[in-house]
Structure formats: C-alpha cells, structure tokens
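See below for model-v3.pdb, which holds PDB, C-alpha atoms and all ligand atoms.
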```pdb
ATOM      1  CA  MET A   1      59.414  21.179  36.208
ATOM      2  CA  LEU A   2      58.705  23.242  39.246
ATOM      3  CA  ARG A   3      61.442  25.535  40.287
ATOM      4  CA  GLU A   4      62.811  25.319  43.801
ATOM      5  CA  GLN A   5      60.211  26.949  45.977
ATOM      6  CA  ALA A   6      59.657  27.264  49.685
ATOM      7  CA  ALA A   7      56.503  26.175  51.460
ATOM      8  CA  PHE A   8      55.227  26.616  54.987
ATOM      9  CA  VAL A   9      54.150  23.442  56.717
ATOM     10  CA  CYS A  10      52.749  22.785  60.167
ATOM     11  CA  ASP A  11      54.688  20.831  62.716
ATOM     12  CA  HIS A  12      52.601  17.692  62.049
ATOM     13  CA  VAL A  13      53.455  17.672  58.363
ATOM     14  CA  PHE A  14      57.057  18.567  59.110
ATOM     15  CA  ARG A  15      57.406  15.519  61.352
ATOM     16  CA  CYS A  16      55.412  13.306  58.938
ATOM     17  CA  ALA A  17      52.937  12.791  61.773
ATOM     18  CA  ARG A  18      49.977  13.716  59.560
ATOM     19  CA  PRO A  19      49.413  14.000  55.797
ATOM     20  CA  VAL A  20      48.775  17.277  54.012
ATOM     21  CA  LEU A  21      45.011  17.797  53.779
ATOM     22  CA  LEU A  22      44.923  21.542  53.241
ATOM     23  CA  VAL A  23      46.917  23.537  50.697
ATOM     24  CA  SER A  24      46.748  27.328  50.684
ATOM     25  CA  HIS A  25      48.249  29.724  48.183
ATOM     26  CA  ALA A  26      47.216  32.850  50.083
ATOM     27  CA  ARG A  27      49.211  35.966  49.166
ATOM     28  CA  GLY A  28      51.410  33.829  46.948
ATOM     29  CA  ASP A  29      52.769  31.790  49.845
ATOM     30  CA  TRP A  30      52.359  28.031  49.747
ATOM     31  CA  GLN A  31      51.064  26.579  52.994
ATOM     32  CA  LEU A  32      50.654  22.832  53.313
ATOM     33  CA  LEU A  33      48.868  21.918  56.503
ATOM     34  CA  CYS A  34      47.304  18.838  58.048
ATOM     35  CA  GLY A  35      43.931  20.526  58.571
ATOM     36  CA  ALA A  36      43.928  19.995  62.335
ATOM     37  CA  ASP A  37      43.868  22.758  64.899
ATOM     38  CA  HIS A  38      46.936  24.924  65.276
ATOM     39  CA  PRO A  39      47.666  27.847  67.584
ATOM     40  CA  ASN A  40      45.516  30.800  66.563
ATOM     41  CA  ASP A  41      47.932  33.361  67.924
ATOM     42  CA  PRO A  42      49.506  35.165  64.928
ATOM     43  CA  ASP A  43      52.561  35.834  67.074
ATOM     44  CA  ASP A  44      53.032  32.146  67.737
ATOM     45  CA  ASP A  45      54.751  30.681  64.690
ATOM     46  CA  SER A  46      56.582  27.976  66.616
ATOM     47  CA  TRP A  47      54.474  25.312  64.841
ATOM     48  CA  VAL A  48      55.384  26.564  61.354
ATOM     49  CA  HIS A  49      58.354  25.243  59.395
ATOM     50  CA  LEU A  50      59.770  26.323  56.060
ATOM     51  CA  VAL A  51      60.692  23.489  53.704
ATOM     52  CA  GLY A  52      61.345  22.991  50.008
ATOM     53  CA  LEU A  53      58.130  22.390  48.111
ATOM     54  CA  ASN A  54      59.772  19.728  45.962
ATOM     55  CA  HIS A  55      60.533  17.628  49.028
ATOM     56  CA  LEU A  56      56.843  17.590  49.921
ATOM     57  CA  LEU A  57      55.948  16.633  46.355
ATOM     58  CA  ASP A  58      58.489  13.820  46.477
ATOM     59  CA  ARG A  59      56.927  12.546  49.676
ATOM     60  CA  ASP A  60      53.325  12.814  48.455
ATOM     61  CA  SER A  61      52.925  12.958  44.676
ATOM     62  CA  THR A  62      49.149  13.528  44.991
ATOM     63  CA  LEU A  63      49.985  17.112  46.004
ATOM     64  CA  ARG A  64      50.993  17.805  42.400
ATOM     65  CA  ALA A  65      47.303  17.944  41.511
ATOM     66  CA  VAL A  66      46.943  21.320  43.234
ATOM     67  CA  MET A  67      50.239  22.914  42.272
ATOM     68  CA  ASP A  68      48.360  24.968  39.657
ATOM     69  CA  LEU A  69      46.333  26.599  42.429
ATOM     70  CA  PRO A  70      45.929  30.336  41.756
ATOM     71  CA  ILE A  71      47.136  32.844  44.310
ATOM     72  CA  ASP A  72      44.637  33.360  47.150
ATOM     73  CA  TRP A  73      42.979  30.028  46.522
ATOM     74  CA  MET A  74      43.028  26.988  48.740
ATOM     75  CA  ALA A  75      42.282  23.309  48.368
ATOM     76  CA  GLU A  76      41.149  20.756  50.909
ATOM     77  CA  ARG A  77      40.668  17.001  50.929
ATOM     78  CA  VAL A  78      39.451  14.540  53.511
ATOM     79  CA  SER A  79      42.274  12.054  53.089
ATOM     80  CA  VAL A  80      45.283  11.220  50.940
ATOM     81  CA  GLY A  81      44.028  10.053  47.559
ATOM     82  CA  ALA A  82      40.669  11.790  47.930
ATOM     83  CA  GLY A  83      39.677  14.545  45.510
ATOM     84  CA  TRP A  84      40.626  18.132  46.255
ATOM     85  CA  THR A  85      37.954  20.754  46.890
ATOM     86  CA  ARG A  86      39.120  24.153  45.744
ATOM     87  CA  SER A  87      37.846  27.496  46.966
ATOM     88  CA  SER A  88      38.974  31.087  46.748
ATOM     89  CA  SER A  89      40.317  32.154  50.092
ATOM     90  CA  PRO A  90      40.227  35.897  50.711
ATOM     91  CA  ASP A  91      41.421  35.350  54.258
ATOM     92  CA  PRO A  92      44.830  33.766  54.728
ATOM     93  CA  VAL A  93      44.730  30.437  56.510
ATOM     94  CA  GLU A  94      45.947  30.905  60.032
TER      95      GLU A  94
HETATM   96 ZN    ZN B   1      49.199  20.239  61.616
END
```
What's the structure tokens form of this structure?
Ligand SMILES: [Zn+2]
Amino acid sequence: MLREQAAFVCDHVFRCARPVLLVSHARGDWQLLCGADHPNDPDDDSWVHLVGLNHLLDRDSTLRAVMDLPIDWMAERVSVGAGWTRSSSPDPVE
C-alpha cells in the first residue's frame, strides 16, 4: 500500500478535463500533468494544484505502473492505456 502522499497536478488534471500523460518525480516531488502547454513563468503557479496521490490512482489505475519511478525520473505516454516511456529528467518539469 502506498502511504498518503501529495502530488502536484495541472489545472486540466485537477478538473478532470484531460488525463495524466506525464508523470515526473523530479526532486522527490510527484507531478502528474496532462502534457499540454502550461505557463512557463516559474512565478505563476496558479495552474498547479496539490492533491492526494491516492485519489489520482483511484481515478486512473494505470498510473500505478509508474509509481515505482525513481527520484528525478519522468514517464510519458501518448494516451491512457498506452505504454509509459521512462527517462531520467535532470531538469524539473516546468
Ligand atoms: Zn494540463
């Protein structure tokens, strides 16, 4: 069982407008994003929401496949149900 853990999601994922297509574990923080464009301004975090990781896993069980992602790695997929492509990510996803 995963312990209760927080994850950052973009506004699209937060509103269930788009599925999670990009998972980042940069610097030990979980980020679950839709993969679309988001504001590039590091000072603009209005599109970021903090939610419980387990709620996201309940909504989309295919995310469990990447919950063993090492810190500073990321995983992408083209659609829900598609395979994940993992890569080490020295730069945090912005
Ligand atoms: Zn988004």
(message) If the limit is 7 Å from any atom of ligand ZN 1 (chain B), counting all atoms listed in the file, which residues qualify? Return them as a list of chain:residue names.
(response) A:Cys10, A:Asp11, A:His12, A:Val13, A:Arg18, A:Leu33, A:Cys34, A:Gly35, A:Ala36, A:Asp37, A:His38
(message) Taking all atoms listed in the file into account, name the residue in A:Phe8, A:Leu63, A:Leu57, A:Thr85 that is nearest to Asp29 of chain A.
(response)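 Among the listed residues, A:Phe8 lies closest to Asp29 of chain A.
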Please, what is the axis-aligned box for every listed atom of segment 54-60 of chain A with 6 Å on each side, as centre and edge lengths in Å to one decimal, as lines of an AutoDock Vina configuration file?
```
center_x = 56.9
center_y = 16.1
center_z = 47.9
size_x = 19.2
size_y = 19.2
size_z = 16.0
```
(request) One decimal, Å: what's the distance from atom CA of Pro42 of chain A over to atom CA of Asp58 of chain A, could you say? (result)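 That distance, rounded to one decimal, is 29.6 Å.
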(request) Quote the spacing between atom CA of His55 of chain A and atom CA of Phe14 of chain A in Å to one decimal place. (result) 10.7 Å
Which neighbours of Ala65 of chain A fall inside 12 Å, counting only C-alpha atoms, when residues of the same chain fewer than 3 positions from it are skipped, and could you give them as a PDB file with C-alpha atoms, keeping the file's coordinate frame?
```
ATOM      1  CA  VAL A  23      46.917  23.537  50.697  1.00  0.00           C
ATOM      2  CA  LEU A  57      55.948  16.633  46.355  1.00  0.00           C
ATOM      3  CA  ASP A  60      53.325  12.814  48.455  1.00  0.00           C
ATOM      4  CA  SER A  61      52.925  12.958  44.676  1.00  0.00           C
ATOM      5  CA  THR A  62      49.149  13.528  44.991  1.00  0.00           C
ATOM      6  CA  ASP A  68      48.360  24.968  39.657  1.00  0.00           C
ATOM      7  CA  LEU A  69      46.333  26.599  42.429  1.00  0.00           C
ATOM      8  CA  ALA A  75      42.282  23.309  48.368  1.00  0.00           C
ATOM      9  CA  GLU A  76      41.149  20.756  50.909  1.00  0.00           C
ATOM     10  CA  ARG A  77      40.668  17.001  50.929  1.00  0.00           C
ATOM     11  CA  VAL A  80      45.283  11.220  50.940  1.00  0.00           C
ATOM     12  CA  GLY A  81      44.028  10.053  47.559  1.00  0.00           C
ATOM     13  CA  ALA A  82      40.669  11.790  47.930  1.00  0.00           C
ATOM     14  CA  GLY A  83      39.677  14.545  45.510  1.00  0.00           C
ATOM     15  CA  TRP A  84      40.626  18.132  46.255  1.00  0.00           C
ATOM     16  CA  THR A  85      37.954  20.754  46.890  1.00  0.00           C
ATOM     17  CA  ARG A  86      39.120  24.153  45.744  1.00  0.00           C
TER      18      ARG A  86
END
```
(message) Given all atoms listed in the file as the basis, pick out the residue of A:Val66, A:Val48, A:Asn54, A:Ser88 nearest to Arg15 of chain A.
(response) A:Val48
(message) Could you tell me how far atom CA of Asp43 of chain A sits from atom CA of Ser79 of chain A, in Å to one decimal place?
(response)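 One can read the atom CA of Ser79 of chain A to atom CA of Asp43 of chain A distance as 29.4 Å.
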(request) Name all residues at most 10 Å from Pro70 of chain A (count only C-alpha atoms; drop same-chain ones fewer than 2 positions away) and give them as number ranges by chain. (result) A: 24-28, 66-68, 72-74, 88
(request) Mind checking which residues fall within 8 Å of Leu53 of chain A, counting all atoms listed in the file, ignoring those fewer than 5 positions away in the same chain, and posting them as a ChimeraX atom specification? (result) /A:4-7
